[in-house]
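> Please see the structure below; I have some questions.
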Amino acid sequence: MPLSTWGMEHDADIVRRFEVFSQVAGLVMIGFGLAVLLGWSHDFSLTGAAIVGRWDMKPGAAIGFMMAGVALLLSRNRGRVPQAAGRMLSLSVLVLGALTLVEYLWTLDLGIDHLFDDVDAHRLGRPPGRIAELAALAFVFLGGVGYLVSVRRGLWLRECLAIGVIAIAMTGMASYGFALAGQGNDLFAHMPIHTSLMLLLGALGWMSSVPTTGLTSVATANSLGGAFARRLLLPALLLPVAFSFVFKALQSRFGVSEVFASVLAALFTGGTVSWTIWWVAALLDRVERQRCESKVLRNDASTDALTGLANRRAFDAALAGLVAKQREHEFAFSLLMLDLDRFKTYNDTFGHPAGDDVMRLTGHLLVSALRPQDVPARYGGEEFAVLLPNTTAEQARDVALRILDDFRAFPWKHRAVTVSIGAAQAREGEDGAALVHRADSALYVAKRAGRNRLMMAQCYPLPVALGA
Ligand SMILES: Nc1nc2c(ncn2[C@@H]2O[C@H](COP(=O)(O)OP(=O)(O)OP(=O)(O)O)[C@@H](O)[C@H]2O)c(=O)[nH]1
């Protein structure tokens, strides 16, 4: 079932997947935070084996991620108490980050950094267990995102804050590669890589929890743009960071020169961008071709091959549409039924191919006599029908007389070709079949009256012959 927000159509399945991702992100943050806290309390480093020489996530950060994770899980619950609890937790994440920043800015110690003994503390020259500066800023942003999502306010501020968290997380990840290569002594040097990863997960989790609003609505859109965003955004976000990380790690672990590592990172990043552009171009090309093919197929299915007019199926659909529209609004429309006169003798005398030429020319004559919104159709054999929207019987009569004149004036190849016309304005509540029947009956009367003329189907007992 498609959901629609901001004029975009969203696929319910994709929306659900994003919501599930947000819940998984919440669970991972809680689990990771718990594991880190356990590590601190039992004196082992969770990431020590994988991330040599780097310090672990601080206990304060682990608690921040746990609170953000629970808030994310609660965001799915519509109850008032869980909603209020989720809002409080998000505000707590914000306050945690803000207090840490206050500590840095005014060299204060508010006592929030002393949960566990930190062996790195002396090396860093700051209180034990204090969250890195940029991680603290990211917590302020992350808490803000969570709060704004839960109160359904400040859409663009919320998206800007989420992008801020993502930017900090990605810079943290990229600079980790440099730090590995022994060149990182800047702000990011003491922000652990897994803090960056959890921040990224938190921001994406909050953005995915409201998948039909903000920037995420593009990724869940049921369109080509949505398909691009779903497939390309995350790789585009992560791959360049991953490359710089991997090649800097190569530099530090295997003694690859800095120039060579940078060249490799540039090559792979450039290759990824080129591949992405190629992929988008190939997909656009395929979509364009499919659109052309389906247009041809659609035309084939609704067009009469000989005359180029609408076929019977398209006529029936257009008639049903007008009948339905008339039921909803006050709306006049009329129908002309046309039949070539003595066409059998034409065929018999000049041959079937010459008869086909007449059929084709009839198509041209009708199109040139009508407005773009009128629907001329081949009804069957040498019988034609014309639907005239927004047209009263009087106006339909003028159109039919014009067609009669056009046939009479046309320089036909072998002999004059004329047409008989029956016209009827749709009555209120009348169905399509009844309207066709009345116009067809008028056409029959026109034939009986001598052909080459118009007969109006009226409310009067006797039809009125015109144009003879
Ligand atoms: N060439 C050609 N002839 C067609 C086509 N469709 C129908 N016809 C012919 O149109 C003729 C219709 O003949 P009738 O129904 O007897 O009517 P008529 O000769 O036009 O006479 P009235 O309608 O009474 O004026 C038949 O000979 C059909 O074969 C077509 O697509 N091409």
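Scheme for the structure tokens: letters A, B, ... for chains in order shown; per-chain residue numbers from 1; ligand numbers from 1 in order shown.
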Counting only C-alpha atoms and all ligand atoms, what are the residues, protein, DNA or RNA alike, that approach ligand 1 to within 10 Å? I want them as a PyMOL selection string.

chain A and resi 304-307+338-348+350-360+378+380-383+418-420+443-444+446-448+450-452

> Extract, using only C-alpha atoms, all DNA, RNA and protein residues at most 7 Å from Ile193 (chain A), discarding same-chain residues fewer than 3 positions from it, and format them as a ChimeraX atom specification.

/A:172-173,176,196-197

> Just the residues within 7 Å of Tyr147 (chain A), please, counting only C-alpha atoms, with nothing from its chain fewer than 5 positions along; format it as an mmCIF file with C-alpha atoms, in the first residue's frame.


```cif
data_model
loop_
_atom_site.group_PDB
_atom_site.id
_atom_site.type_symbol
_atom_site.label_atom_id
_atom_site.label_comp_id
_atom_site.auth_asym_id
_atom_site.auth_seq_id
_atom_site.Cartn_x
_atom_site.Cartn_y
_atom_site.Cartn_z
ATOM 1 C CA ARG A 87 11.949 12.505 25.205
ATOM 2 C CA SER A 90 17.057 12.220 24.406
ATOM 3 C CA LEU A 91 17.294 15.366 26.523
#
```

> What gap, in Å, lies between CA of Ser208 (chain A) and CA of Ser75 (chain A)?

11.3 Å

> I want to know what sits within 7 Å of region 23-27 of chain A, based on only C-alpha atoms, with residues of the same chain fewer than 5 positions away left out; could you give that as a tab-separated table (two decimals) with N, CA and C atoms, in the first residue's frame?


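File produced: result32.tsv:
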```tsv
chain	number	residue	atom	x	y	z
A	69	GLY	N	19.85	4.70	22.47
A	69	GLY	CA	19.28	3.47	21.92
A	69	GLY	C	17.89	3.20	22.48
A	70	VAL	N	17.75	3.37	23.81
A	70	VAL	CA	16.43	3.13	24.42
A	70	VAL	C	15.43	4.16	23.90
A	72	LEU	N	15.41	5.55	21.05
A	72	LEU	CA	15.07	5.14	19.68
A	72	LEU	C	14.04	4.01	19.69
A	73	LEU	N	14.22	3.05	20.60
A	73	LEU	CA	13.26	1.94	20.69
A	73	LEU	C	11.89	2.46	21.14
A	201	LEU	N	25.60	5.30	13.38
A	201	LEU	CA	24.43	4.41	13.51
A	201	LEU	C	23.27	5.16	14.18
A	202	GLY	N	23.58	5.94	15.21
A	202	GLY	CA	22.54	6.68	15.93
A	202	GLY	C	21.85	7.68	15.02
A	205	GLY	N	19.87	5.87	12.48
A	205	GLY	CA	18.73	5.24	13.15
A	205	GLY	C	17.59	6.23	13.37
```

> List the neighbours of Phe407 (chain A) out to 12 Å using only C-alpha atoms; skip same-chain residues closer than 3 positions along the sequence, and give me the result as a VMD selection string.

chain A and resid 338 to 341 358 361 to 366 368 to 369 400 to 404 410 to 412 415 to 421 452 to 453

> Next, dump the selected residues to file, keeping only C-alpha atoms, as a tab-separated table (two decimals), in the first residue's frame.


```
chain	number	residue	atom	x	y	z
A	338	LEU	CA	-20.35	7.98	-38.29
A	339	ASP	CA	-20.55	5.44	-41.09
A	340	LEU	CA	-19.07	5.70	-44.59
A	341	ASP	CA	-21.78	5.61	-47.26
A	358	VAL	CA	-10.30	6.04	-47.66
A	361	LEU	CA	-8.02	9.64	-44.95
A	362	THR	CA	-11.17	9.46	-42.84
A	363	GLY	CA	-8.90	9.27	-39.77
A	364	HIS	CA	-7.02	12.40	-40.92
A	365	LEU	CA	-10.21	14.30	-41.72
A	366	LEU	CA	-11.70	13.55	-38.31
A	368	SER	CA	-8.26	17.82	-38.30
A	369	ALA	CA	-11.96	18.66	-37.75
A	400	ALA	CA	-20.96	17.06	-37.25
A	401	LEU	CA	-21.97	19.54	-39.97
A	402	ARG	CA	-18.34	20.60	-40.28
A	403	ILE	CA	-17.30	16.95	-40.73
A	404	LEU	CA	-19.98	16.45	-43.40
A	410	PHE	CA	-12.24	16.60	-49.94
A	411	PRO	CA	-10.77	15.74	-53.38
A	412	TRP	CA	-11.27	11.96	-53.19
A	415	ARG	CA	-15.25	9.15	-56.49
A	416	ALA	CA	-16.83	11.31	-53.81
A	417	VAL	CA	-16.96	9.66	-50.40
A	418	THR	CA	-19.66	10.76	-48.01
A	419	VAL	CA	-20.54	9.90	-44.47
A	420	SER	CA	-23.73	9.63	-42.43
A	421	ILE	CA	-23.76	10.80	-38.82
A	452	ASN	CA	-24.69	11.99	-46.44
A	453	ARG	CA	-26.48	13.75	-43.61
```

> As number ranges by chain, please: all residues of region 328-401 of chain A that backbone DSSP puts in strand (DSSP E or B).

A: 333-340, 375-380, 383-389

> Determine the nearest neighbour of His194 (chain A) from the options A:Leu250, A:Leu215, A:Ala135, A:Val210, counting only C-alpha atoms.

A:Ala135

> Counting only C-alpha atoms, which of A:Leu283, A:Ala423, A:Ala85, A:Leu37 gets nearest to Gly225 (chain A)?

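For Gly225 (chain A), the nearest of the given residues is A:Leu283.
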